[in-house]
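A.B. asks: This one is entry_29.pdb, PDB, C-alpha atoms and all ligand atoms.
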MODEL        1
ATOM      1  CA  MET L  14     115.737  59.748 104.224  1.00  0.00           C
ATOM      2  CA  LYS L  15     115.313  62.116 101.347  1.00  0.00           C
ATOM      3  CA  VAL L  16     117.907  64.862 101.808  1.00  0.00           C
ATOM      4  CA  ILE L  17     117.449  68.161  99.958  1.00  0.00           C
ATOM      5  CA  VAL L  18     120.360  70.618 100.121  1.00  0.00           C
ATOM      6  CA  VAL L  19     119.449  74.236  99.474  1.00  0.00           C
ATOM      7  CA  LYS L  20     121.460  77.445  99.267  1.00  0.00           C
ATOM      8  CA  ASP L  21     120.025  79.095 102.341  1.00  0.00           C
ATOM      9  CA  GLN L  22     117.104  79.207 104.753  1.00  0.00           C
ATOM     10  CA  ASN L  23     114.952  81.278 102.376  1.00  0.00           C
ATOM     11  CA  GLU L  24     115.198  78.626  99.700  1.00  0.00           C
ATOM     12  CA  GLY L  25     114.607  76.007 102.405  1.00  0.00           C
ATOM     13  CA  GLY L  26     111.411  77.800 103.380  1.00  0.00           C
ATOM     14  CA  LYS L  27     110.152  77.503  99.815  1.00  0.00           C
ATOM     15  CA  LYS L  28     110.929  73.755  99.747  1.00  0.00           C
ATOM     16  CA  GLY L  29     109.341  73.302 103.162  1.00  0.00           C
ATOM     17  CA  PHE L  30     106.263  75.117 101.929  1.00  0.00           C
ATOM     18  CA  GLU L  31     106.023  72.719  98.967  1.00  0.00           C
ATOM     19  CA  VAL L  32     105.995  69.767 101.352  1.00  0.00           C
ATOM     20  CA  PHE L  33     103.095  71.330 103.296  1.00  0.00           C
ATOM     21  CA  GLN L  34     101.262  72.144 100.083  1.00  0.00           C
ATOM     22  CA  ASN L  35     101.616  68.607  98.725  1.00  0.00           C
ATOM     23  CA  GLU L  36     100.442  67.075 101.986  1.00  0.00           C
ATOM     24  CA  LEU L  37      97.441  69.391 102.201  1.00  0.00           C
ATOM     25  CA  GLN L  38      96.507  68.655  98.594  1.00  0.00           C
ATOM     26  CA  SER L  39      96.819  64.917  99.297  1.00  0.00           C
ATOM     27  CA  GLY L  40      94.290  65.180 102.108  1.00  0.00           C
ATOM     28  CA  ALA L  41      96.469  65.581 105.208  1.00  0.00           C
ATOM     29  CA  LYS L  42      94.407  66.883 108.118  1.00  0.00           C
ATOM     30  CA  VAL L  43      96.747  66.868 111.116  1.00  0.00           C
ATOM     31  CA  PHE L  44      99.971  68.866 111.112  1.00  0.00           C
ATOM     32  CA  GLY L  45     102.601  68.561 113.828  1.00  0.00           C
ATOM     33  CA  LEU L  46     104.279  71.944 114.181  1.00  0.00           C
ATOM     34  CA  ALA L  47     107.571  73.211 115.586  1.00  0.00           C
ATOM     35  CA  THR L  48     108.997  76.460 116.919  1.00  0.00           C
ATOM     36  CA  GLY L  49     112.466  78.022 116.896  1.00  0.00           C
ATOM     37  CA  SER L  50     114.159  80.110 114.221  1.00  0.00           C
ATOM     38  CA  THR L  51     114.333  77.216 111.731  1.00  0.00           C
ATOM     39  CA  PRO L  52     110.686  76.912 110.620  1.00  0.00           C
ATOM     40  CA  ILE L  53     110.133  80.665 110.323  1.00  0.00           C
ATOM     41  CA  THR L  54     110.721  80.883 106.552  1.00  0.00           C
ATOM     42  CA  THR L  55     108.447  77.914 105.921  1.00  0.00           C
ATOM     43  CA  TYR L  56     105.728  79.625 107.975  1.00  0.00           C
ATOM     44  CA  GLN L  57     106.307  82.876 106.060  1.00  0.00           C
ATOM     45  CA  GLU L  58     105.760  81.079 102.766  1.00  0.00           C
ATOM     46  CA  ILE L  59     102.577  79.514 104.131  1.00  0.00           C
ATOM     47  CA  VAL L  60     101.352  82.883 105.431  1.00  0.00           C
ATOM     48  CA  ASN L  61     101.944  84.457 101.991  1.00  0.00           C
ATOM     49  CA  SER L  62     100.133  81.652 100.180  1.00  0.00           C
ATOM     50  CA  ASP L  63      96.492  80.827  99.667  1.00  0.00           C
ATOM     51  CA  LEU L  64      96.726  77.541 101.572  1.00  0.00           C
ATOM     52  CA  ASP L  65      93.763  77.065 103.878  1.00  0.00           C
ATOM     53  CA  PHE L  66      94.129  75.116 107.124  1.00  0.00           C
ATOM     54  CA  SER L  67      90.736  76.024 108.591  1.00  0.00           C
ATOM     55  CA  ASP L  68      89.651  72.407 108.276  1.00  0.00           C
ATOM     56  CA  CYS L  69      92.888  71.043 109.817  1.00  0.00           C
ATOM     57  CA  ILE L  70      94.268  70.345 113.261  1.00  0.00           C
ATOM     58  CA  SER L  71      97.711  71.379 114.477  1.00  0.00           C
ATOM     59  CA  VAL L  72      99.588  69.720 117.318  1.00  0.00           C
ATOM     60  CA  ASN L  73     102.730  71.459 118.531  1.00  0.00           C
ATOM     61  CA  LEU L  74     105.799  69.657 119.749  1.00  0.00           C
ATOM     62  CA  ASP L  75     106.607  71.439 122.956  1.00  0.00           C
ATOM     63  CA  GLU L  76     106.236  74.296 125.432  1.00  0.00           C
ATOM     64  CA  TYR L  77     108.256  75.688 128.324  1.00  0.00           C
ATOM     65  CA  VAL L  78     106.995  74.767 131.770  1.00  0.00           C
ATOM     66  CA  GLY L  79     105.836  77.856 133.660  1.00  0.00           C
ATOM     67  CA  LEU L  80     105.239  80.221 130.728  1.00  0.00           C
ATOM     68  CA  LYS L  81     101.742  81.538 130.072  1.00  0.00           C
ATOM     69  CA  ALA L  82     100.385  81.619 126.515  1.00  0.00           C
ATOM     70  CA  ASP L  83     100.644  85.422 126.448  1.00  0.00           C
ATOM     71  CA  ASN L  84     104.327  85.435 127.455  1.00  0.00           C
ATOM     72  CA  PRO L  85     106.257  86.527 124.328  1.00  0.00           C
ATOM     73  CA  GLN L  86     108.839  83.793 124.985  1.00  0.00           C
ATOM     74  CA  SER L  87     106.247  81.031 125.102  1.00  0.00           C
ATOM     75  CA  TYR L  88     105.785  78.707 122.151  1.00  0.00           C
ATOM     76  CA  HIS L  89     102.045  79.487 122.220  1.00  0.00           C
ATOM     77  CA  TYR L  90     102.905  83.107 121.530  1.00  0.00           C
ATOM     78  CA  PHE L  91     105.436  82.186 118.848  1.00  0.00           C
ATOM     79  CA  MET L  92     102.865  80.120 116.950  1.00  0.00           C
ATOM     80  CA  GLN L  93     100.260  82.849 117.228  1.00  0.00           C
ATOM     81  CA  GLU L  94     102.643  85.487 115.866  1.00  0.00           C
ATOM     82  CA  HIS L  95     104.238  83.436 113.100  1.00  0.00           C
ATOM     83  CA  LEU L  96     101.329  81.386 111.842  1.00  0.00           C
ATOM     84  CA  PHE L  97      98.006  81.076 113.616  1.00  0.00           C
ATOM     85  CA  LYS L  98      96.929  84.708 113.479  1.00  0.00           C
ATOM     86  CA  PHE L  99      97.315  84.601 109.692  1.00  0.00           C
ATOM     87  CA  LYS L 100      96.380  80.973 109.047  1.00  0.00           C
ATOM     88  CA  PRO L 101      93.955  79.705 111.655  1.00  0.00           C
ATOM     89  CA  PHE L 102      93.481  75.966 112.094  1.00  0.00           C
ATOM     90  CA  LYS L 103      90.177  74.378 113.133  1.00  0.00           C
ATOM     91  CA  HIS L 104      91.924  73.574 116.380  1.00  0.00           C
ATOM     92  CA  SER L 105      95.504  74.120 117.521  1.00  0.00           C
ATOM     93  CA  TYR L 106      96.994  72.183 120.393  1.00  0.00           C
ATOM     94  CA  VAL L 107     100.118  73.224 122.317  1.00  0.00           C
ATOM     95  CA  PRO L 108     101.182  71.732 125.671  1.00  0.00           C
ATOM     96  CA  ASP L 109      99.961  73.885 128.566  1.00  0.00           C
ATOM     97  CA  GLY L 110     103.071  75.223 130.293  1.00  0.00           C
ATOM     98  CA  THR L 111     100.999  76.639 133.119  1.00  0.00           C
ATOM     99  CA  ASN L 112      99.757  73.220 134.172  1.00  0.00           C
ATOM    100  CA  LEU L 113     102.326  72.318 136.798  1.00  0.00           C
ATOM    101  CA  ASN L 114     100.748  68.916 137.324  1.00  0.00           C
ATOM    102  CA  ALA L 115     103.017  67.053 134.910  1.00  0.00           C
ATOM    103  CA  THR L 116     101.156  63.754 135.190  1.00  0.00           C
ATOM    104  CA  ALA L 117      97.869  65.380 134.212  1.00  0.00           C
ATOM    105  CA  GLU L 118      99.351  67.543 131.449  1.00  0.00           C
ATOM    106  CA  THR L 119     101.346  64.771 129.776  1.00  0.00           C
ATOM    107  CA  ALA L 120      98.322  62.429 129.901  1.00  0.00           C
ATOM    108  CA  ARG L 121      96.108  65.143 128.407  1.00  0.00           C
ATOM    109  CA  TYR L 122      98.574  65.768 125.593  1.00  0.00           C
ATOM    110  CA  ASN L 123      99.111  62.085 124.854  1.00  0.00           C
ATOM    111  CA  LYS L 124      95.353  61.667 124.465  1.00  0.00           C
ATOM    112  CA  ILE L 125      95.269  64.575 122.007  1.00  0.00           C
ATOM    113  CA  ILE L 126      98.063  63.001 119.936  1.00  0.00           C
ATOM    114  CA  GLU L 127      96.344  59.609 120.004  1.00  0.00           C
ATOM    115  CA  GLU L 128      93.049  61.106 118.842  1.00  0.00           C
ATOM    116  CA  ASN L 129      94.741  63.152 116.106  1.00  0.00           C
ATOM    117  CA  PRO L 130      97.275  60.952 114.297  1.00  0.00           C
ATOM    118  CA  ILE L 131      99.817  63.252 112.715  1.00  0.00           C
ATOM    119  CA  ASP L 132     100.058  63.263 108.919  1.00  0.00           C
ATOM    120  CA  LEU L 133     103.029  65.626 108.620  1.00  0.00           C
ATOM    121  CA  GLN L 134     105.371  66.459 111.505  1.00  0.00           C
ATOM    122  CA  LEU L 135     107.713  69.411 111.105  1.00  0.00           C
ATOM    123  CA  LEU L 136     110.938  69.301 113.147  1.00  0.00           C
ATOM    124  CA  GLY L 137     113.882  71.560 113.821  1.00  0.00           C
ATOM    125  CA  LEU L 138     117.094  70.176 115.265  1.00  0.00           C
ATOM    126  CA  GLY L 139     118.945  71.029 118.461  1.00  0.00           C
ATOM    127  CA  ARG L 140     122.715  71.493 118.273  1.00  0.00           C
ATOM    128  CA  ASN L 141     123.045  68.340 120.387  1.00  0.00           C
ATOM    129  CA  GLY L 142     120.735  66.396 118.070  1.00  0.00           C
ATOM    130  CA  HIS L 143     117.532  66.886 120.054  1.00  0.00           C
ATOM    131  CA  ILE L 144     114.126  66.893 118.397  1.00  0.00           C
ATOM    132  CA  GLY L 145     111.249  68.653 120.092  1.00  0.00           C
ATOM    133  CA  PHE L 146     112.840  68.967 123.518  1.00  0.00           C
ATOM    134  CA  ASN L 147     113.879  65.314 123.621  1.00  0.00           C
ATOM    135  CA  GLU L 148     117.406  65.631 124.900  1.00  0.00           C
ATOM    136  CA  PRO L 149     120.182  63.021 124.457  1.00  0.00           C
ATOM    137  CA  GLY L 150     119.397  59.899 126.453  1.00  0.00           C
ATOM    138  CA  THR L 151     115.610  60.102 125.991  1.00  0.00           C
ATOM    139  CA  PRO L 152     114.261  56.620 125.204  1.00  0.00           C
ATOM    140  CA  PHE L 153     112.995  56.204 121.643  1.00  0.00           C
ATOM    141  CA  ASP L 154     109.595  54.972 122.813  1.00  0.00           C
ATOM    142  CA  ALA L 155     108.909  57.859 125.206  1.00  0.00           C
ATOM    143  CA  LEU L 156     105.568  59.656 125.032  1.00  0.00           C
ATOM    144  CA  THR L 157     104.965  63.256 126.146  1.00  0.00           C
ATOM    145  CA  SER L 158     106.984  64.069 129.204  1.00  0.00           C
ATOM    146  CA  LYS L 159     108.404  66.844 131.294  1.00  0.00           C
ATOM    147  CA  ILE L 160     112.021  67.324 130.250  1.00  0.00           C
ATOM    148  CA  LYS L 161     114.909  68.885 132.143  1.00  0.00           C
ATOM    149  CA  LEU L 162     116.733  70.966 129.552  1.00  0.00           C
ATOM    150  CA  THR L 163     120.461  70.444 129.143  1.00  0.00           C
ATOM    151  CA  GLN L 164     122.856  73.348 129.613  1.00  0.00           C
ATOM    152  CA  SER L 165     123.614  73.310 125.869  1.00  0.00           C
ATOM    153  CA  THR L 166     119.911  73.825 125.070  1.00  0.00           C
ATOM    154  CA  ILE L 167     119.558  76.525 127.722  1.00  0.00           C
ATOM    155  CA  ASP L 168     122.617  78.293 126.243  1.00  0.00           C
ATOM    156  CA  ALA L 169     121.282  77.992 122.682  1.00  0.00           C
ATOM    157  CA  ASN L 170     117.851  79.305 123.659  1.00  0.00           C
ATOM    158  CA  SER L 171     119.131  82.134 125.846  1.00  0.00           C
ATOM    159  CA  ARG L 172     119.444  84.303 122.703  1.00  0.00           C
ATOM    160  CA  PHE L 173     115.648  84.703 122.821  1.00  0.00           C
ATOM    161  CA  PHE L 174     115.657  85.890 126.465  1.00  0.00           C
ATOM    162  CA  GLU L 175     116.986  89.079 127.995  1.00  0.00           C
ATOM    163  CA  HIS L 176     118.837  87.216 130.762  1.00  0.00           C
ATOM    164  CA  GLU L 177     119.993  83.606 130.726  1.00  0.00           C
ATOM    165  CA  GLU L 178     118.481  83.065 134.170  1.00  0.00           C
ATOM    166  CA  ASN L 179     115.054  83.740 132.627  1.00  0.00           C
ATOM    167  CA  VAL L 180     115.332  80.729 130.295  1.00  0.00           C
ATOM    168  CA  PRO L 181     113.018  78.064 131.703  1.00  0.00           C
ATOM    169  CA  LYS L 182     114.851  74.931 132.800  1.00  0.00           C
ATOM    170  CA  GLU L 183     112.031  72.533 131.994  1.00  0.00           C
ATOM    171  CA  ALA L 184     109.650  71.904 129.131  1.00  0.00           C
ATOM    172  CA  TYR L 185     106.846  69.606 128.097  1.00  0.00           C
ATOM    173  CA  SER L 186     107.689  67.773 124.906  1.00  0.00           C
ATOM    174  CA  MET L 187     105.963  65.325 122.654  1.00  0.00           C
ATOM    175  CA  GLY L 188     107.991  62.120 122.904  1.00  0.00           C
ATOM    176  CA  ILE L 189     110.066  60.420 120.230  1.00  0.00           C
ATOM    177  CA  GLY L 190     107.610  57.494 120.237  1.00  0.00           C
ATOM    178  CA  SER L 191     104.820  59.860 119.109  1.00  0.00           C
ATOM    179  CA  ILE L 192     107.010  61.735 116.619  1.00  0.00           C
ATOM    180  CA  MET L 193     107.928  58.407 114.995  1.00  0.00           C
ATOM    181  CA  LYS L 194     104.235  57.541 114.494  1.00  0.00           C
ATOM    182  CA  SER L 195     103.767  60.544 112.178  1.00  0.00           C
ATOM    183  CA  LYS L 196     103.177  59.440 108.594  1.00  0.00           C
ATOM    184  CA  HIS L 197     105.675  61.900 107.139  1.00  0.00           C
ATOM    185  CA  ILE L 198     108.405  63.812 108.964  1.00  0.00           C
ATOM    186  CA  LEU L 199     109.987  67.004 107.624  1.00  0.00           C
ATOM    187  CA  LEU L 200     113.161  68.112 109.396  1.00  0.00           C
ATOM    188  CA  GLU L 201     114.807  71.411 108.559  1.00  0.00           C
ATOM    189  CA  ALA L 202     118.206  72.640 109.760  1.00  0.00           C
ATOM    190  CA  TYR L 203     120.290  75.632 108.749  1.00  0.00           C
ATOM    191  CA  GLY L 204     123.743  76.949 109.548  1.00  0.00           C
ATOM    192  CA  GLU L 205     127.103  75.490 110.501  1.00  0.00           C
ATOM    193  CA  LYS L 206     126.075  75.148 114.159  1.00  0.00           C
ATOM    194  CA  LYS L 207     123.828  72.290 113.040  1.00  0.00           C
ATOM    195  CA  ALA L 208     126.451  70.549 110.850  1.00  0.00           C
ATOM    196  CA  ASP L 209     127.639  68.135 113.548  1.00  0.00           C
ATOM    197  CA  ALA L 210     124.139  67.092 114.529  1.00  0.00           C
ATOM    198  CA  ILE L 211     123.162  66.651 110.868  1.00  0.00           C
ATOM    199  CA  GLN L 212     126.198  64.465 110.187  1.00  0.00           C
ATOM    200  CA  LYS L 213     125.427  62.263 113.189  1.00  0.00           C
ATOM    201  CA  MET L 214     121.718  62.146 112.405  1.00  0.00           C
ATOM    202  CA  ILE L 215     122.239  60.991 108.814  1.00  0.00           C
ATOM    203  CA  GLU L 216     125.521  59.058 108.877  1.00  0.00           C
ATOM    204  CA  GLY L 217     126.068  58.096 112.487  1.00  0.00           C
ATOM    205  CA  PRO L 218     124.784  55.103 114.414  1.00  0.00           C
ATOM    206  CA  VAL L 219     121.180  55.120 115.614  1.00  0.00           C
ATOM    207  CA  THR L 220     121.621  55.962 119.283  1.00  0.00           C
ATOM    208  CA  THR L 221     119.641  57.686 122.013  1.00  0.00           C
ATOM    209  CA  GLU L 222     122.725  59.895 122.473  1.00  0.00           C
ATOM    210  CA  VAL L 223     121.683  61.592 119.212  1.00  0.00           C
ATOM    211  CA  PRO L 224     117.884  61.631 119.408  1.00  0.00           C
ATOM    212  CA  ALA L 225     117.429  62.648 115.738  1.00  0.00           C
ATOM    213  CA  SER L 226     119.347  59.549 114.577  1.00  0.00           C
ATOM    214  CA  VAL L 227     116.133  57.583 115.258  1.00  0.00           C
ATOM    215  CA  LEU L 228     114.768  59.128 112.054  1.00  0.00           C
ATOM    216  CA  GLN L 229     116.945  56.655 110.121  1.00  0.00           C
ATOM    217  CA  ASN L 230     114.348  54.074 111.233  1.00  0.00           C
ATOM    218  CA  HIS L 231     111.366  55.996 109.822  1.00  0.00           C
ATOM    219  CA  PRO L 232     110.183  55.144 106.291  1.00  0.00           C
ATOM    220  CA  ASN L 233     109.170  58.642 105.192  1.00  0.00           C
ATOM    221  CA  VAL L 234     111.505  61.449 106.227  1.00  0.00           C
ATOM    222  CA  THR L 235     112.355  64.563 104.224  1.00  0.00           C
ATOM    223  CA  VAL L 236     115.367  66.590 105.370  1.00  0.00           C
ATOM    224  CA  ILE L 237     115.928  70.142 104.134  1.00  0.00           C
ATOM    225  CA  ILE L 238     119.344  71.614 104.979  1.00  0.00           C
ATOM    226  CA  ASP L 239     121.489  74.409 103.684  1.00  0.00           C
ATOM    227  CA  GLU L 240     125.069  73.985 102.482  1.00  0.00           C
ATOM    228  CA  ALA L 241     126.501  74.999 105.870  1.00  0.00           C
ATOM    229  CA  ALA L 242     124.462  72.395 107.744  1.00  0.00           C
ATOM    230  CA  ALA L 243     125.425  69.805 105.096  1.00  0.00           C
ATOM    231  CA  SER L 244     129.135  70.663 105.265  1.00  0.00           C
ATOM    232  CA  LYS L 245     130.178  67.718 107.461  1.00  0.00           C
ATOM    233  CA  LEU L 246     128.382  65.025 105.458  1.00  0.00           C
ATOM    234  CA  SER L 247     130.852  62.684 103.778  1.00  0.00           C
ATOM    235  CA  LYS L 248     128.552  61.732 100.926  1.00  0.00           C
ATOM    236  CA  MET L 249     127.670  65.196  99.683  1.00  0.00           C
TER     237      MET L 249
HETATM  238  C1  LIG L 301     114.387  74.334 120.675  1.00  0.00           C
HETATM  239  C2  LIG L 301     113.070  73.684 120.260  1.00  0.00           C
HETATM  240  C3  LIG L 301     113.264  72.726 119.124  1.00  0.00           C
HETATM  241  C4  LIG L 301     114.053  73.398 118.026  1.00  0.00           C
HETATM  242  C5  LIG L 301     115.420  73.782 118.528  1.00  0.00           C
HETATM  243  C6  LIG L 301     116.272  74.457 117.483  1.00  0.00           C
HETATM  244  O1  LIG L 301     115.108  73.539 121.540  1.00  0.00           O
HETATM  245  N1  LIG L 301     112.422  73.001 121.328  1.00  0.00           N
HETATM  246  O2  LIG L 301     112.005  72.278 118.670  1.00  0.00           O
HETATM  247  O3  LIG L 301     114.178  72.528 116.948  1.00  0.00           O
HETATM  248  O4  LIG L 301     115.242  74.692 119.610  1.00  0.00           O
HETATM  249  O5  LIG L 301     115.980  75.817 117.428  1.00  0.00           O
HETATM  250  P1  LIG L 301     116.367  76.763 116.251  1.00  0.00           P
HETATM  251  O6  LIG L 301     115.458  76.393 115.117  1.00  0.00           O
HETATM  252  O7  LIG L 301     116.074  78.151 116.741  1.00  0.00           O
HETATM  253  O8  LIG L 301     117.786  76.530 115.939  1.00  0.00           O
ENDMDL
END
Once you've parsed the file, please lay out its structure as structure tokens.

C.D. replies:
Amino acid sequence: MKVIVVKDQNEGGKKGFEVFQNELQSGAKVFGLATGSTPITTYQEIVNSDLDFSDCISVNLDEYVGLKADNPQSYHYFMQEHLFKFKPFKHSYVPDGTNLNATAETARYNKIIEENPIDLQLLGLGRNGHIGFNEPGTPFDALTSKIKLTQSTIDANSRFFEHEENVPKEAYSMGIGSIMKSKHILLEAYGEKKADAIQKMIEGPVTTEVPASVLQNHPNVTVIIDEAAASKLSKM
């Protein structure tokens, strides 16, 4: 893992942008994208740049089950507002939260991922070490599935909802098996609330209890963290 420590999330956004720029210039065509507060500065840098993704495909990590694309809390909506309306892709895929037939939806999404091998996958990090919505205990070879969110994830995500009871309890998420097939993985994490997960991800044992620790087994991972998120690393 290549670990880059930056001062803050704004500087991280600039570094994240450089990774996207390099990949695009090297011919990358398929970008795996993430939501949450973490990638926002990277998306801002992309939006303010002259990078052109109109010939590229994007494949998002996850979506809440039950939310329509026009629901402001949905990940469809997030992507539209933060990136796609400024930088359209040739085609953008996001799991369909309104498809309540999980077998059909996960099969559909797995086919999309298979047909569009991901060149660069962007990841945030859950406080409990989850990536996408792959919660602790998820097998490392899992493909897209319907996930029951843990209470810690529901608590963390409730800041985006008016009432905690409105936070969906389930999500569709690309599996760790698919994430690991990406040619290059870029994980960003900011703030002291991520320090534990970062320490375990980088220095701890590779275990399904910390889903992000699987990244130790991937040959091409770039990690961008700020000083607060790096504060529990022993080797810094
Ligand atoms: C959610 C998303 C993850 C994201 C995580 C961290 O659970 N499904 O993809 O990485 O939250 O979010 P944030 O970046 O807001 O801290």

A.B. asks: If you count all atoms listed in the file, which residues end up within 8 Å of ligand LIG 301 (chain L), as a PyMOL selection string?

C.D. replies: chain L and resi 47-52+74-76+136-140+143-146+166+169-170+186+202-203+207

A.B. asks: Would you output that residue set with C-alpha atoms, as a PDB file, in the coordinates of the input?

C.D. replies:
ATOM      1  CA  ALA L  47     107.571  73.211 115.586  1.00  0.00           C
ATOM      2  CA  THR L  48     108.997  76.460 116.919  1.00  0.00           C
ATOM      3  CA  GLY L  49     112.466  78.022 116.896  1.00  0.00           C
ATOM      4  CA  SER L  50     114.159  80.110 114.221  1.00  0.00           C
ATOM      5  CA  THR L  51     114.333  77.216 111.731  1.00  0.00           C
ATOM      6  CA  PRO L  52     110.686  76.912 110.620  1.00  0.00           C
ATOM      7  CA  LEU L  74     105.799  69.657 119.749  1.00  0.00           C
ATOM      8  CA  ASP L  75     106.607  71.439 122.956  1.00  0.00           C
ATOM      9  CA  GLU L  76     106.236  74.296 125.432  1.00  0.00           C
ATOM     10  CA  LEU L 136     110.938  69.301 113.147  1.00  0.00           C
ATOM     11  CA  GLY L 137     113.882  71.560 113.821  1.00  0.00           C
ATOM     12  CA  LEU L 138     117.094  70.176 115.265  1.00  0.00           C
ATOM     13  CA  GLY L 139     118.945  71.029 118.461  1.00  0.00           C
ATOM     14  CA  ARG L 140     122.715  71.493 118.273  1.00  0.00           C
ATOM     15  CA  HIS L 143     117.532  66.886 120.054  1.00  0.00           C
ATOM     16  CA  ILE L 144     114.126  66.893 118.397  1.00  0.00           C
ATOM     17  CA  GLY L 145     111.249  68.653 120.092  1.00  0.00           C
ATOM     18  CA  PHE L 146     112.840  68.967 123.518  1.00  0.00           C
ATOM     19  CA  THR L 166     119.911  73.825 125.070  1.00  0.00           C
ATOM     20  CA  ALA L 169     121.282  77.992 122.682  1.00  0.00           C
ATOM     21  CA  ASN L 170     117.851  79.305 123.659  1.00  0.00           C
ATOM     22  CA  SER L 186     107.689  67.773 124.906  1.00  0.00           C
ATOM     23  CA  ALA L 202     118.206  72.640 109.760  1.00  0.00           C
ATOM     24  CA  TYR L 203     120.290  75.632 108.749  1.00  0.00           C
ATOM     25  CA  LYS L 207     123.828  72.290 113.040  1.00  0.00           C
TER      26      LYS L 207
END

A.B. asks: Please list as a PDB file with C-alpha atoms, in the coordinates of the input every residue within 12 Å of Glu175 of chain L, counting all atoms listed in the file and excluding residues in the same chain fewer than 5 positions away.

C.D. replies:
ATOM      1  CA  PRO L  85     106.257  86.527 124.328  1.00  0.00           C
ATOM      2  CA  GLN L  86     108.839  83.793 124.985  1.00  0.00           C
ATOM      3  CA  ASN L 170     117.851  79.305 123.659  1.00  0.00           C
ATOM      4  CA  VAL L 180     115.332  80.729 130.295  1.00  0.00           C
TER       5      VAL L 180
END

A.B. asks: Could you check which residues have any atom within 8 Å of (122.7, 62.1, 121.6), counting only C-alpha atoms with coordinates taken straight from the file, and then list them as a VMD selection string?

C.D. replies: chain L and resid 141 to 143 148 to 150 220 to 225

A.B. asks: Taking into account all atoms listed in the file, which residue in the set L:Asp68, L:Lys103, L:Ile53, L:Asn230 is nearest to Pro218 of chain L?

C.D. replies: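 Residue with the minimum atom-to-atom distance to Pro218 of chain L: L:Asn230.
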
A.B. asks: Take the PyMOL selection byres (((chain L and resi 179) around 12) and not hetatm), apply it to the structure above, and return the hits as an mmCIF file with C-alpha atoms, keeping the file's coordinate frame.

C.D. replies:
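Contents of selection.cif, as written:
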data_model
loop_
_atom_site.group_PDB
_atom_site.id
_atom_site.type_symbol
_atom_site.label_atom_id
_atom_site.label_comp_id
_atom_site.auth_asym_id
_atom_site.auth_seq_id
_atom_site.Cartn_x
_atom_site.Cartn_y
_atom_site.Cartn_z
ATOM 1 C CA TYR L 77 108.256 75.688 128.324
ATOM 2 C CA GLY L 79 105.836 77.856 133.660
ATOM 3 C CA LEU L 80 105.239 80.221 130.728
ATOM 4 C CA GLN L 86 108.839 83.793 124.985
ATOM 5 C CA SER L 87 106.247 81.031 125.102
ATOM 6 C CA ILE L 167 119.558 76.525 127.722
ATOM 7 C CA ASP L 168 122.617 78.293 126.243
ATOM 8 C CA ASN L 170 117.851 79.305 123.659
ATOM 9 C CA SER L 171 119.131 82.134 125.846
ATOM 10 C CA ARG L 172 119.444 84.303 122.703
ATOM 11 C CA PHE L 173 115.648 84.703 122.821
ATOM 12 C CA PHE L 174 115.657 85.890 126.465
ATOM 13 C CA GLU L 175 116.986 89.079 127.995
ATOM 14 C CA HIS L 176 118.837 87.216 130.762
ATOM 15 C CA GLU L 177 119.993 83.606 130.726
ATOM 16 C CA GLU L 178 118.481 83.065 134.170
ATOM 17 C CA VAL L 180 115.332 80.729 130.295
ATOM 18 C CA PRO L 181 113.018 78.064 131.703
ATOM 19 C CA LYS L 182 114.851 74.931 132.800
ATOM 20 C CA GLU L 183 112.031 72.533 131.994
#

A.B. asks: So how far away is atom CA of His104 of chain L from atom CA of Glu127 of chain L, in Å?

C.D. replies: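 Calculated distance between atom CA of Glu127 of chain L and atom CA of His104 of chain L is 15.1 Å.
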
A.B. asks: Taking 5 positions as the minimum chain separation for residues in the same chain, which residues sit within 9 Å of Gly204 of chain L when counting all atoms listed in the file? Answer as a PyMOL selection string.

C.D. replies: chain L and resi 21-22+238-243

A.B. asks: Keeping only C-alpha atoms, write the selected residues as a PDB file, in the coordinates of the input.

C.D. replies:
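For reference, out37.pdb as written:
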ATOM      1  CA  ASP L  21     120.025  79.095 102.341  1.00  0.00           C
ATOM      2  CA  GLN L  22     117.104  79.207 104.753  1.00  0.00           C
ATOM      3  CA  ILE L 238     119.344  71.614 104.979  1.00  0.00           C
ATOM      4  CA  ASP L 239     121.489  74.409 103.684  1.00  0.00           C
ATOM      5  CA  GLU L 240     125.069  73.985 102.482  1.00  0.00           C
ATOM      6  CA  ALA L 241     126.501  74.999 105.870  1.00  0.00           C
ATOM      7  CA  ALA L 242     124.462  72.395 107.744  1.00  0.00           C
ATOM      8  CA  ALA L 243     125.425  69.805 105.096  1.00  0.00           C
TER       9      ALA L 243
END

A.B. asks: Considering only C-alpha atoms, can you say which of L:Glu201, L:Glu31, L:Glu118, L:Asp65 comes closest to Leu46 of chain L?

C.D. replies: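 Among L:Glu201, L:Glu31, L:Glu118, L:Asp65, it is L:Glu201 that comes nearest to Leu46 of chain L.
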
A.B. asks: Distance atom CA of Ile126 of chain L-atom CA of Ile189 of chain L, one decimal place?

C.D. replies: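 Computed distance, atom CA of Ile126 of chain L to atom CA of Ile189 of chain L, equals 12.3 Å.
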
A.B. asks: Which polymer residues have any atom within 7 Å of an atom of Ser158 of chain L, counting all atoms listed in the file, with same-chain residues fewer than 5 positions away left out, as a list in words?

C.D. replies: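 Neighbouring residues, sequence-local ones excluded: Thr119, Tyr185, Ser186, Met187 and Gly188 of chain L.
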
A.B. asks: Using Å and a single decimal, report how far atom CA of Ser39 of chain L sits from atom CA of Met214 of chain L.

C.D. replies: 28.3 Å

A.B. asks: Between L:Leu135, L:Ala117, L:Leu96, L:Val219, which one has atoms that come closest to Phe153 of chain L, using all atoms listed in the file?

C.D. replies: L:Val219

A.B. asks: For the provided coordinates, the residues matched by the PyMOL selection byres (((chain L and resi 62) around 12) and not hetatm) should be stated as a list in words.

C.D. replies: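 For this structure, the PyMOL selection byres (((chain L and resi 62) around 12) and not hetatm) resolves to Lys27, Phe30, Glu31, Phe33, Gln34, Thr55, Tyr56, Gln57, Glu58, Ile59, Val60, Asn61, Asp63, Leu64, Asp65, Phe66, Leu96, Phe99 and Lys100 of chain L.
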